[in-house]
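S.K.: Contents of final.csv (CSV, C-alpha atoms):
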chain,number,residue,atom,x,y,z
A,1,MET,CA,5.9,-44.9,62.3
A,2,ASN,CA,2.3,-46.1,62.7
A,3,VAL,CA,2.7,-49.9,62.6
A,4,LYS,CA,-0.5,-52.0,62.3
A,5,GLY,CA,-1.1,-55.5,63.6
A,6,ARG,CA,-3.9,-58.1,64.1
A,7,VAL,CA,-5.3,-58.0,67.6
A,8,HIS,CA,-7.5,-60.8,68.8
A,9,SER,CA,-8.8,-59.1,72.0
A,10,ILE,CA,-8.0,-56.7,74.8
A,11,GLU,CA,-8.3,-57.0,78.6
A,12,THR,CA,-8.0,-53.6,80.3
A,13,MET,CA,-7.6,-54.6,83.9
A,14,GLY,CA,-5.7,-57.9,83.8
A,15,THR,CA,-4.1,-59.2,87.0
A,16,VAL,CA,-2.5,-62.6,86.0
A,17,ASP,CA,-0.1,-61.7,83.2
A,18,GLY,CA,2.6,-59.9,85.1
A,19,PRO,CA,2.8,-57.7,88.1
A,20,GLY,CA,0.1,-55.2,89.1
A,21,ILE,CA,-2.9,-54.1,87.0
A,22,ARG,CA,-2.1,-54.7,83.3
A,23,TYR,CA,-3.5,-53.7,79.9
A,24,VAL,CA,-3.3,-57.1,78.2
A,25,VAL,CA,-3.3,-57.3,74.4
A,26,PHE,CA,-4.0,-60.7,72.9
A,27,MET,CA,-2.4,-60.9,69.4
A,28,GLN,CA,-3.7,-63.0,66.6
A,29,GLY,CA,-1.7,-65.9,65.1
A,30,CYS,CA,0.4,-68.7,66.5
A,31,PRO,CA,2.9,-71.2,65.0
A,32,LEU,CA,2.3,-73.7,67.8
A,33,ARG,CA,-0.5,-76.2,67.9
A,34,CYS,CA,-0.7,-77.0,71.5
A,35,LYS,CA,-3.1,-79.8,72.3
A,36,TYR,CA,-4.4,-78.1,75.4
A,37,CYS,CA,-4.5,-74.5,73.9
A,38,HIS,CA,-7.1,-72.4,75.7
A,39,ASN,CA,-7.0,-69.7,73.0
A,40,ARG,CA,-7.7,-72.0,70.0
A,41,ASP,CA,-9.4,-69.1,68.2
A,42,THR,CA,-6.1,-67.1,68.1
A,43,TRP,CA,-4.3,-69.6,65.8
A,44,ASP,CA,-5.4,-68.2,62.4
A,45,MET,CA,-3.3,-65.2,61.4
A,46,SER,CA,-6.0,-64.0,58.9
A,47,HIS,CA,-8.5,-63.3,61.7
A,48,GLY,CA,-8.5,-60.6,64.3
A,49,ARG,CA,-9.0,-56.8,64.3
A,50,ILE,CA,-6.4,-54.7,62.4
A,51,MET,CA,-5.2,-52.0,64.8
A,52,SER,CA,-2.5,-49.4,64.6
A,53,VAL,CA,-0.1,-48.7,67.4
A,54,ASP,CA,-1.4,-45.1,67.5
A,55,GLU,CA,-5.0,-46.4,68.0
A,56,LEU,CA,-3.9,-48.8,70.8
A,57,MET,CA,-1.8,-46.3,72.6
A,58,GLN,CA,-4.7,-43.9,72.7
A,59,ASP,CA,-6.7,-46.5,74.6
A,60,ILE,CA,-3.7,-47.6,76.8
A,61,LYS,CA,-3.2,-44.0,78.0
A,62,LYS,CA,-6.8,-44.1,79.5
A,63,TYR,CA,-5.6,-46.7,82.1
A,64,LYS,CA,-2.1,-45.3,82.7
A,65,ASN,CA,-2.8,-44.2,86.3
A,66,PHE,CA,-4.2,-47.6,87.3
A,67,MET,CA,-1.2,-49.3,85.9
A,68,LYS,CA,1.4,-47.0,87.3
A,69,TYR,CA,0.0,-46.9,90.8
A,70,SER,CA,-0.4,-50.7,91.0
A,71,GLY,CA,3.1,-51.4,89.6
A,72,GLY,CA,1.5,-52.8,86.5
A,73,GLY,CA,1.9,-52.1,82.8
A,74,VAL,CA,1.2,-53.5,79.4
A,75,THR,CA,1.4,-57.2,78.5
A,76,LEU,CA,1.5,-58.6,74.9
A,77,THR,CA,0.3,-62.2,74.7
A,78,GLY,CA,-1.7,-64.3,72.2
A,79,GLY,CA,-1.5,-66.4,70.2
A,80,GLU,CA,2.2,-65.8,69.8
A,81,PRO,CA,2.9,-62.0,69.7
A,82,THR,CA,6.4,-62.4,68.3
A,83,LEU,CA,4.9,-63.4,65.0
A,84,GLN,CA,4.1,-59.7,64.7
A,85,TRP,CA,7.5,-58.6,65.9
A,86,ARG,CA,7.4,-55.2,64.2
A,87,PHE,CA,4.2,-54.4,66.1
A,88,VAL,CA,5.9,-55.6,69.4
A,89,VAL,CA,8.9,-53.3,68.7
A,90,GLU,CA,6.8,-50.2,68.1
A,91,LEU,CA,4.2,-50.7,70.8
A,92,PHE,CA,6.8,-51.4,73.5
A,93,ARG,CA,8.9,-48.5,72.3
A,94,ARG,CA,5.9,-46.2,72.7
A,95,CYS,CA,5.1,-47.7,76.1
A,96,LYS,CA,8.5,-46.9,77.3
A,97,THR,CA,8.2,-43.3,76.3
A,98,GLU,CA,5.1,-43.2,78.5
A,99,GLY,CA,7.0,-44.7,81.4
A,100,LEU,CA,5.0,-47.9,81.3
A,101,HIS,CA,6.3,-51.4,82.3
A,102,THR,CA,6.2,-53.9,79.4
A,103,ALA,CA,5.8,-57.6,79.6
A,104,LEU,CA,5.9,-60.2,76.8
A,105,ASP,CA,4.1,-63.5,77.2
A,106,THR,CA,5.6,-65.8,74.6
A,107,SER,CA,6.5,-69.4,73.8
A,108,GLY,CA,9.9,-68.2,72.7
A,109,PHE,CA,9.4,-69.6,69.2
A,110,VAL,CA,11.2,-66.7,67.6
A,111,ASP,CA,14.5,-66.1,65.8
A,112,ILE,CA,17.1,-64.4,68.0
A,113,GLU,CA,17.8,-61.7,65.4
A,114,ARG,CA,14.1,-60.7,65.5
A,115,ALA,CA,13.9,-60.9,69.2
A,116,ASP,CA,16.8,-58.5,69.5
A,117,THR,CA,14.6,-55.8,67.9
A,118,PHE,CA,12.1,-55.7,70.7
A,119,LEU,CA,14.0,-57.0,73.7
A,120,PRO,CA,15.6,-53.5,74.4
A,121,TYR,CA,12.0,-52.3,75.2
A,122,THR,CA,11.0,-55.4,77.2
A,123,ASP,CA,11.0,-55.2,81.0
A,124,LEU,CA,9.8,-58.7,81.7
A,125,VAL,CA,9.4,-61.9,79.7
A,126,LEU,CA,6.8,-64.5,80.7
A,127,LEU,CA,8.3,-67.5,78.9
A,128,ASP,CA,6.1,-70.6,78.3
A,129,ILE,CA,8.2,-73.7,78.3
A,130,LYS,CA,5.8,-76.4,77.2
A,131,GLU,CA,8.0,-79.4,77.7
A,132,ILE,CA,11.7,-79.9,78.2
A,133,ASP,CA,12.0,-83.2,76.3
A,134,PRO,CA,12.2,-82.4,72.6
A,135,VAL,CA,10.2,-85.4,71.4
A,136,ARG,CA,7.4,-84.9,73.8
A,137,HIS,CA,7.4,-81.2,73.1
A,138,ALA,CA,6.9,-81.8,69.4
A,139,GLU,CA,4.1,-84.3,70.1
A,140,LEU,CA,2.4,-81.7,72.3
A,141,THR,CA,2.9,-78.6,70.3
A,142,GLY,CA,3.7,-79.6,66.7
A,143,VAL,CA,7.1,-77.8,66.8
A,144,SER,CA,10.6,-78.3,68.2
A,145,ASN,CA,11.6,-76.6,71.5
A,146,ASP,CA,15.0,-75.6,70.1
A,147,LYS,CA,14.0,-72.0,69.6
A,148,THR,CA,12.4,-71.7,73.0
A,149,LEU,CA,15.4,-73.0,74.9
A,150,ALA,CA,17.8,-70.9,72.8
A,151,PHE,CA,15.6,-67.8,73.5
A,152,ALA,CA,15.7,-68.7,77.3
A,153,GLN,CA,19.5,-68.8,77.2
A,154,HIS,CA,19.6,-65.5,75.3
A,155,LEU,CA,17.4,-63.8,77.9
A,156,SER,CA,19.8,-65.0,80.6
A,157,GLU,CA,22.8,-63.6,78.7
A,158,LEU,CA,21.0,-60.2,78.4
A,159,HIS,CA,19.9,-60.4,82.1
A,160,ILE,CA,16.2,-59.7,81.2
A,161,PRO,CA,13.9,-60.5,84.1
A,162,THR,CA,12.0,-63.7,83.2
A,163,TRP,CA,9.1,-65.7,84.7
A,164,ILE,CA,8.9,-69.3,83.4
A,165,ARG,CA,5.4,-70.7,82.9
A,166,TYR,CA,4.9,-74.5,82.9
A,167,VAL,CA,1.5,-76.1,82.4
A,168,LEU,CA,1.2,-79.5,84.2
A,169,VAL,CA,-0.7,-81.8,82.0
A,170,PRO,CA,-1.2,-85.4,83.3
A,171,GLY,CA,0.3,-87.9,80.9
A,172,TYR,CA,2.1,-85.2,78.9
A,173,THR,CA,4.2,-82.8,81.0
A,174,ASP,CA,4.1,-84.5,84.5
A,175,ASP,CA,7.0,-87.0,84.1
A,176,PRO,CA,9.2,-86.4,87.2
A,177,ASP,CA,12.4,-86.9,85.2
A,178,ASP,CA,11.3,-84.3,82.7
A,179,ILE,CA,10.4,-81.9,85.5
A,180,ARG,CA,13.9,-82.5,87.1
A,181,ALA,CA,15.5,-81.8,83.7
A,182,LEU,CA,13.5,-78.6,83.5
A,183,GLY,CA,14.7,-77.7,87.0
A,184,ARG,CA,18.3,-78.3,86.0
A,185,PHE,CA,17.9,-76.1,82.9
A,186,ILE,CA,16.2,-73.2,84.8
A,187,SER,CA,18.8,-73.4,87.6
A,188,ARG,CA,21.5,-72.6,85.1
A,189,LEU,CA,19.8,-69.4,84.0
A,190,SER,CA,20.8,-66.1,85.8
A,191,ASN,CA,17.6,-64.1,85.2
A,192,VAL,CA,14.6,-66.3,86.3
A,193,GLU,CA,12.7,-64.6,89.1
A,194,LEU,CA,9.8,-67.0,89.3
A,195,VAL,CA,8.4,-70.2,87.9
A,196,GLU,CA,4.6,-70.4,87.7
A,197,LEU,CA,3.4,-74.0,87.6
A,198,LEU,CA,0.0,-73.9,86.1
A,199,PRO,CA,-2.3,-77.0,86.5
A,200,TYR,CA,-3.9,-78.0,83.2
A,201,HIS,CA,-7.6,-76.9,83.0
A,202,THR,CA,-10.4,-77.3,80.5
A,203,MET,CA,-11.8,-73.8,80.5
A,204,GLY,CA,-10.9,-73.2,76.9
A,205,VAL,CA,-12.5,-76.4,75.5
A,206,TYR,CA,-15.7,-74.5,74.4
A,207,LYS,CA,-13.6,-72.5,71.9
A,208,TRP,CA,-12.6,-75.7,70.2
A,209,GLU,CA,-16.3,-76.7,70.1
A,210,GLN,CA,-17.4,-73.4,68.7
A,211,LEU,CA,-14.8,-73.9,65.9
A,212,CYS,CA,-16.2,-77.4,65.3
A,213,VAL,CA,-12.7,-78.8,66.0
A,214,ASP,CA,-12.2,-82.0,68.1
A,215,TYR,CA,-10.4,-81.3,71.4
A,216,PRO,CA,-7.4,-83.7,71.5
A,217,LEU,CA,-7.2,-84.0,75.3
A,218,LYS,CA,-10.9,-84.5,76.2
A,219,ASP,CA,-10.1,-87.6,78.3
A,220,VAL,CA,-7.2,-86.0,80.2
A,221,PRO,CA,-8.1,-85.2,83.9
A,222,VAL,CA,-7.2,-82.0,85.7
A,223,PRO,CA,-4.2,-82.7,88.0
A,224,THR,CA,-4.9,-82.9,91.7
A,225,ASP,CA,-3.5,-80.4,94.2
A,226,GLU,CA,-1.2,-83.2,95.4
A,227,GLN,CA,0.2,-83.8,91.8
A,228,ALA,CA,0.8,-80.1,91.3
A,229,GLU,CA,2.5,-79.7,94.7
A,230,ALA,CA,4.7,-82.7,94.0
A,231,ALA,CA,5.9,-81.1,90.7
A,232,ARG,CA,6.5,-77.8,92.5
A,233,LYS,CA,8.6,-79.6,95.1
A,234,ILE,CA,10.8,-81.1,92.4
A,235,LEU,CA,11.5,-77.6,91.1
A,236,ARG,CA,12.1,-76.1,94.5
A,237,ASP,CA,14.8,-78.8,95.1
A,238,PHE,CA,16.8,-76.7,92.5
A,239,ASN,CA,16.4,-73.6,94.7
A,240,ILE,CA,13.9,-72.2,92.2
A,241,SER,CA,11.1,-69.8,93.4
A,242,VAL,CA,7.8,-71.6,92.4
A,243,ARG,CA,4.2,-70.7,92.8
Represent the supplied structure as structure tokens.

M.R.:
Amino acid sequence: MNVKGRVHSIETMGTVDGPGIRYVVFMQGCPLRCKYCHNRDTWDMSHGRIMSVDELMQDIKKYKNFMKYSGGGVTLTGGEPTLQWRFVVELFRRCKTEGLHTALDTSGFVDIERADTFLPYTDLVLLDIKEIDPVRHAELTGVSNDKTLAFAQHLSELHIPTWIRYVLVPGYTDDPDDIRALGRFISRLSNVELVELLPYHTMGVYKWEQLCVDYPLKDVPVPTDEQAEAARKILRDFNISVR
């Protein structure tokens, strides 16, 4: 079955989206509307290049040795790759036949029934938890965090290795009580290997400008090293591995 999907872009030698050297596929389309999104140009599902799994696998195989010798693999990110869940299933299934490690970078905004179609072929999930408080999460992303938290619980039940990603945005996601609540939630999961606390940055603002769209957080400062370390300390108090 040669499934097709909409691909925004490809990075052939990625080093920040999972272990080792990775072939990173940025999928087009996203149901979230994060105010700090650094891939604003991925939102519209009608854009992007239509590619088949066969076409993508032909290119992936060119980098197979680099990935295998470095302990890397293939990462699907976006946008939100689970919007194109059939593509995720087929691409990851094909990667497994090639002996390649698979990682899914996702907000977890997906129905469990659909997730169960691709999770058998998923070695690692990079789960973006935007905010633990449901009201602030909706204000920040435009959607509830119910699906994300349910997905996190499901990954724990299936014992699928997971890295949690949390962006520290001053005035939005830096409340110490919320970070403690996040720590309590994560500490109850059995599968979380690592939490990546990522300080908010403005490197994607130019994409908003290119689309002639106002950037909502233009007055928000980048967190200091001290603020980021204070947030990491709160999470470490729950015996969580944080970097």

S.K.: Within 7 Å of segment 66-75 of chain A, counting all atoms listed in the file, which residues qualify if same-chain residues fewer than 2 places away don't, as a ChimeraX atom specification?

M.R.: /A:17,19-25,63-64,77,100-105

S.K.: Select, from A:Asn2, A:Gln227, A:Asn145, A:Thr106, the residue with the minimum atom-to-atom distance to Ile164 of chain A, counting all atoms listed in the file.

M.R.: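 Checking each of A:Asn2, A:Gln227, A:Asn145, A:Thr106 against Ile164 of chain A, counting all atoms listed in the file, the winner is A:Thr106.
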
S.K.: Counting all atoms listed in the file, which of A:Trp85, A:Leu149, A:Gly79, A:Leu182 gets nearest to His38 of chain A?

M.R.: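 Between A:Trp85, A:Leu149, A:Gly79, A:Leu182, the residue approaching His38 of chain A most closely is A:Gly79.
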
S.K.: Fewer than 2 positions away in the same chain doesn't count, so skip those; otherwise give me all residues within 12 Å of Val125 of chain A, counting all atoms listed in the file, as a PyMOL selection string.

M.R.: chain A and resi 17-19+74-77+81-82+101-108+115+118-123+127-129+151-152+154-156+158-165+191-195

S.K.: Could you tell me which of A:Val110, A:Val88, A:Ile10, A:Val3 comes closest to Val53 of chain A if we count all atoms listed in the file?

M.R.: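 Once distances to Val53 of chain A are computed over all atoms listed in the file, the minimum belongs to A:Val3.
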
S.K.: Can you work out which one of A:Glu55, A:Leu198, A:Lys96, A:Gln210 has the shortest atom-to-atom distance to Asp225 of chain A, counting all atoms listed in the file?

M.R.: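 Between A:Glu55, A:Leu198, A:Lys96, A:Gln210, the residue approaching Asp225 of chain A most closely is A:Leu198.
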
S.K.: Between A:Thr12, A:Thr141, A:Gly183, A:Cys212, single out the one closest to Lys62 of chain A, counting only C-alpha atoms.

M.R.: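 Nearest to Lys62 of chain A: A:Thr12.
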
S.K.: Provide the atom CA of Val7 of chain A to atom CA of Leu124 of chain A distance in Å, to one decimal place.

M.R.: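 Interatomic distance, atom CA of Val7 of chain A to atom CA of Leu124 of chain A: 20.7 Å.
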
S.K.: Pull the neighbourhood of (-8.2, -80.9, 70.4) for me: all residues within 10 Å in file coordinates, counting all atoms listed in the file, as a list of chain:residue names.

M.R.: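 The requested residues, written out, are A:Arg33, A:Cys34, A:Lys35, A:Tyr36, A:Cys37, A:Arg40, A:Val205, A:Trp208, A:Glu209, A:Val213, A:Asp214, A:Tyr215, A:Pro216, A:Leu217, A:Lys218.
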